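What follows is work22.pdb (PDB, C-alpha atoms).
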ATOM      1  CA  ASN S 120     197.606 136.170  36.891  1.00  0.00           C
ATOM      2  CA  VAL S 121     200.668 135.138  38.939  1.00  0.00           C
ATOM      3  CA  ARG S 122     199.715 137.347  41.876  1.00  0.00           C
ATOM      4  CA  ALA S 123     196.202 135.914  41.914  1.00  0.00           C
ATOM      5  CA  ASN S 124     196.987 132.259  41.201  1.00  0.00           C
ATOM      6  CA  GLY S 125     200.679 131.695  41.987  1.00  0.00           C
ATOM      7  CA  LEU S 126     203.639 130.675  39.849  1.00  0.00           C
ATOM      8  CA  SER S 127     203.095 128.231  36.983  1.00  0.00           C
ATOM      9  CA  SER S 128     199.337 128.718  36.939  1.00  0.00           C
ATOM     10  CA  VAL S 129     197.921 128.700  33.421  1.00  0.00           C
ATOM     11  CA  ASP S 130     194.676 130.233  32.225  1.00  0.00           C
ATOM     12  CA  MET S 131     193.466 127.391  30.007  1.00  0.00           C
ATOM     13  CA  GLY S 132     191.176 129.678  28.013  1.00  0.00           C
ATOM     14  CA  ARG S 133     194.037 131.995  27.230  1.00  0.00           C
ATOM     15  CA  LEU S 134     196.286 129.080  26.306  1.00  0.00           C
ATOM     16  CA  GLN S 135     193.582 127.714  23.994  1.00  0.00           C
ATOM     17  CA  THR S 136     193.255 131.118  22.316  1.00  0.00           C
ATOM     18  CA  GLY S 137     197.007 131.157  21.671  1.00  0.00           C
ATOM     19  CA  ILE S 138     196.930 127.635  20.274  1.00  0.00           C
ATOM     20  CA  ARG S 139     194.084 128.561  17.906  1.00  0.00           C
ATOM     21  CA  ALA S 140     195.968 131.643  16.708  1.00  0.00           C
ATOM     22  CA  VAL S 141     199.022 129.548  15.788  1.00  0.00           C
ATOM     23  CA  GLU S 142     196.871 126.867  14.141  1.00  0.00           C
ATOM     24  CA  GLU S 143     195.118 129.481  12.011  1.00  0.00           C
ATOM     25  CA  ALA S 144     198.310 131.352  11.114  1.00  0.00           C
ATOM     26  CA  TYR S 145     200.051 128.180   9.914  1.00  0.00           C
ATOM     27  CA  ASN S 146     196.944 126.270   8.778  1.00  0.00           C
ATOM     28  CA  LEU S 147     197.783 123.381  11.109  1.00  0.00           C
ATOM     29  CA  GLN S 148     195.787 120.173  11.488  1.00  0.00           C
ATOM     30  CA  PRO S 149     194.645 118.402  13.607  1.00  0.00           C
ATOM     31  CA  LYS S 150     193.269 120.830  16.162  1.00  0.00           C
ATOM     32  CA  VAL S 151     194.882 120.584  19.594  1.00  0.00           C
ATOM     33  CA  GLN S 152     193.191 121.127  22.949  1.00  0.00           C
ATOM     34  CA  ALA S 153     195.040 122.979  25.712  1.00  0.00           C
ATOM     35  CA  ALA S 154     194.577 120.017  28.073  1.00  0.00           C
ATOM     36  CA  GLN S 155     196.554 117.853  25.634  1.00  0.00           C
ATOM     37  CA  ILE S 156     199.706 119.912  26.152  1.00  0.00           C
ATOM     38  CA  TYR S 157     199.445 121.255  29.709  1.00  0.00           C
ATOM     39  CA  THR S 158     198.432 119.785  33.037  1.00  0.00           C
ATOM     40  CA  PRO S 159     198.888 121.282  36.502  1.00  0.00           C
ATOM     41  CA  ASP S 160     198.881 117.786  38.051  1.00  0.00           C
ATOM     42  CA  PHE S 161     202.632 117.787  38.713  1.00  0.00           C
ATOM     43  CA  LEU S 162     202.806 121.230  40.338  1.00  0.00           C
ATOM     44  CA  PRO S 163     203.173 121.704  44.086  1.00  0.00           C
ATOM     45  CA  PRO S 164     200.125 122.978  45.996  1.00  0.00           C
ATOM     46  CA  ALA S 165     198.994 126.515  45.152  1.00  0.00           C
ATOM     47  CA  ALA S 166     200.025 127.745  48.611  1.00  0.00           C
ATOM     48  CA  ASP S 167     203.625 126.751  47.848  1.00  0.00           C
ATOM     49  CA  ARG S 168     203.545 128.654  44.549  1.00  0.00           C
ATOM     50  CA  ALA S 169     202.110 131.900  45.953  1.00  0.00           C
ATOM     51  CA  VAL S 170     204.005 135.106  45.309  1.00  0.00           C
TER      52      VAL S 170
END
Using structure tokens, write down the structure that the file contains.
Amino acid sequence: NVRANGLSSVDMGRLQTGIRAVEEAYNLQPKVQAAQIYTPDFLPPAADRAV
């Protein structure tokens, strides 16, 4: 993922899957969306994060 998308890139689907796993394991409420806890808006341009 880092080679393809650069440092600090996050696969939102994968993040959401991880969040759901934790919610289910600990029976947590309310349900959280990945976009509520991560945003790439503050990262430098992708070209500057390339490996």
Resolved residues for the PyMOL selection byres ((chain S and resi 169) around 9) as an MDAnalysis selection string: chainID S and resid 121:126 165:168 170
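For the choices S:Leu162, S:Ala153, S:Val141, S:Leu147, the atom-to-atom distance to S:Ser128 is smallest for S:Leu162 when using all atoms listed in the file.
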Listed atoms of stretch 145-148 of chain S, axis-aligned box, 6 Å per side: centre and edge lengths to one decimal in Å, as AutoDock Vina command-line options?
--center_x 197.9 --center_y 124.2 --center_z 10.1 --size_x 16.3 --size_y 20.0 --size_z 14.7
Selection result of the PyMOL selection byres ((chain S and resi 159) around 9) on this file, as a PyMOL selection string: chain S and resi 127-129+157-158+160-163
Saved selection, atoms kept: C-alpha atoms, as an mmCIF file, keeping the file's coordinate frame:
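Printed below is part.cif as written:
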data_model
loop_
_atom_site.group_PDB
_atom_site.id
_atom_site.type_symbol
_atom_site.label_atom_id
_atom_site.label_comp_id
_atom_site.auth_asym_id
_atom_site.auth_seq_id
_atom_site.Cartn_x
_atom_site.Cartn_y
_atom_site.Cartn_z
ATOM 1 C CA SER S 127 203.095 128.231 36.983
ATOM 2 C CA SER S 128 199.337 128.718 36.939
ATOM 3 C CA VAL S 129 197.921 128.700 33.421
ATOM 4 C CA TYR S 157 199.445 121.255 29.709
ATOM 5 C CA THR S 158 198.432 119.785 33.037
ATOM 6 C CA ASP S 160 198.881 117.786 38.051
ATOM 7 C CA PHE S 161 202.632 117.787 38.713
ATOM 8 C CA LEU S 162 202.806 121.230 40.338
ATOM 9 C CA PRO S 163 203.173 121.704 44.086
#
Shell of 10 Å around S:Leu134, all atoms listed in the file, local chain residues under 2 positions omitted, as number ranges by chain: S: 129-132, 136-140, 152-154, 156-157
Restrict the selected residues to C-alpha atoms and save them as a PDB file, keeping the file's coordinate frame.
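Output below, filename out.pdb:
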ATOM      1  CA  VAL S 129     197.921 128.700  33.421  1.00  0.00           C
ATOM      2  CA  ASP S 130     194.676 130.233  32.225  1.00  0.00           C
ATOM      3  CA  MET S 131     193.466 127.391  30.007  1.00  0.00           C
ATOM      4  CA  GLY S 132     191.176 129.678  28.013  1.00  0.00           C
ATOM      5  CA  THR S 136     193.255 131.118  22.316  1.00  0.00           C
ATOM      6  CA  GLY S 137     197.007 131.157  21.671  1.00  0.00           C
ATOM      7  CA  ILE S 138     196.930 127.635  20.274  1.00  0.00           C
ATOM      8  CA  ARG S 139     194.084 128.561  17.906  1.00  0.00           C
ATOM      9  CA  ALA S 140     195.968 131.643  16.708  1.00  0.00           C
ATOM     10  CA  GLN S 152     193.191 121.127  22.949  1.00  0.00           C
ATOM     11  CA  ALA S 153     195.040 122.979  25.712  1.00  0.00           C
ATOM     12  CA  ALA S 154     194.577 120.017  28.073  1.00  0.00           C
ATOM     13  CA  ILE S 156     199.706 119.912  26.152  1.00  0.00           C
ATOM     14  CA  TYR S 157     199.445 121.255  29.709  1.00  0.00           C
TER      15      TYR S 157
END
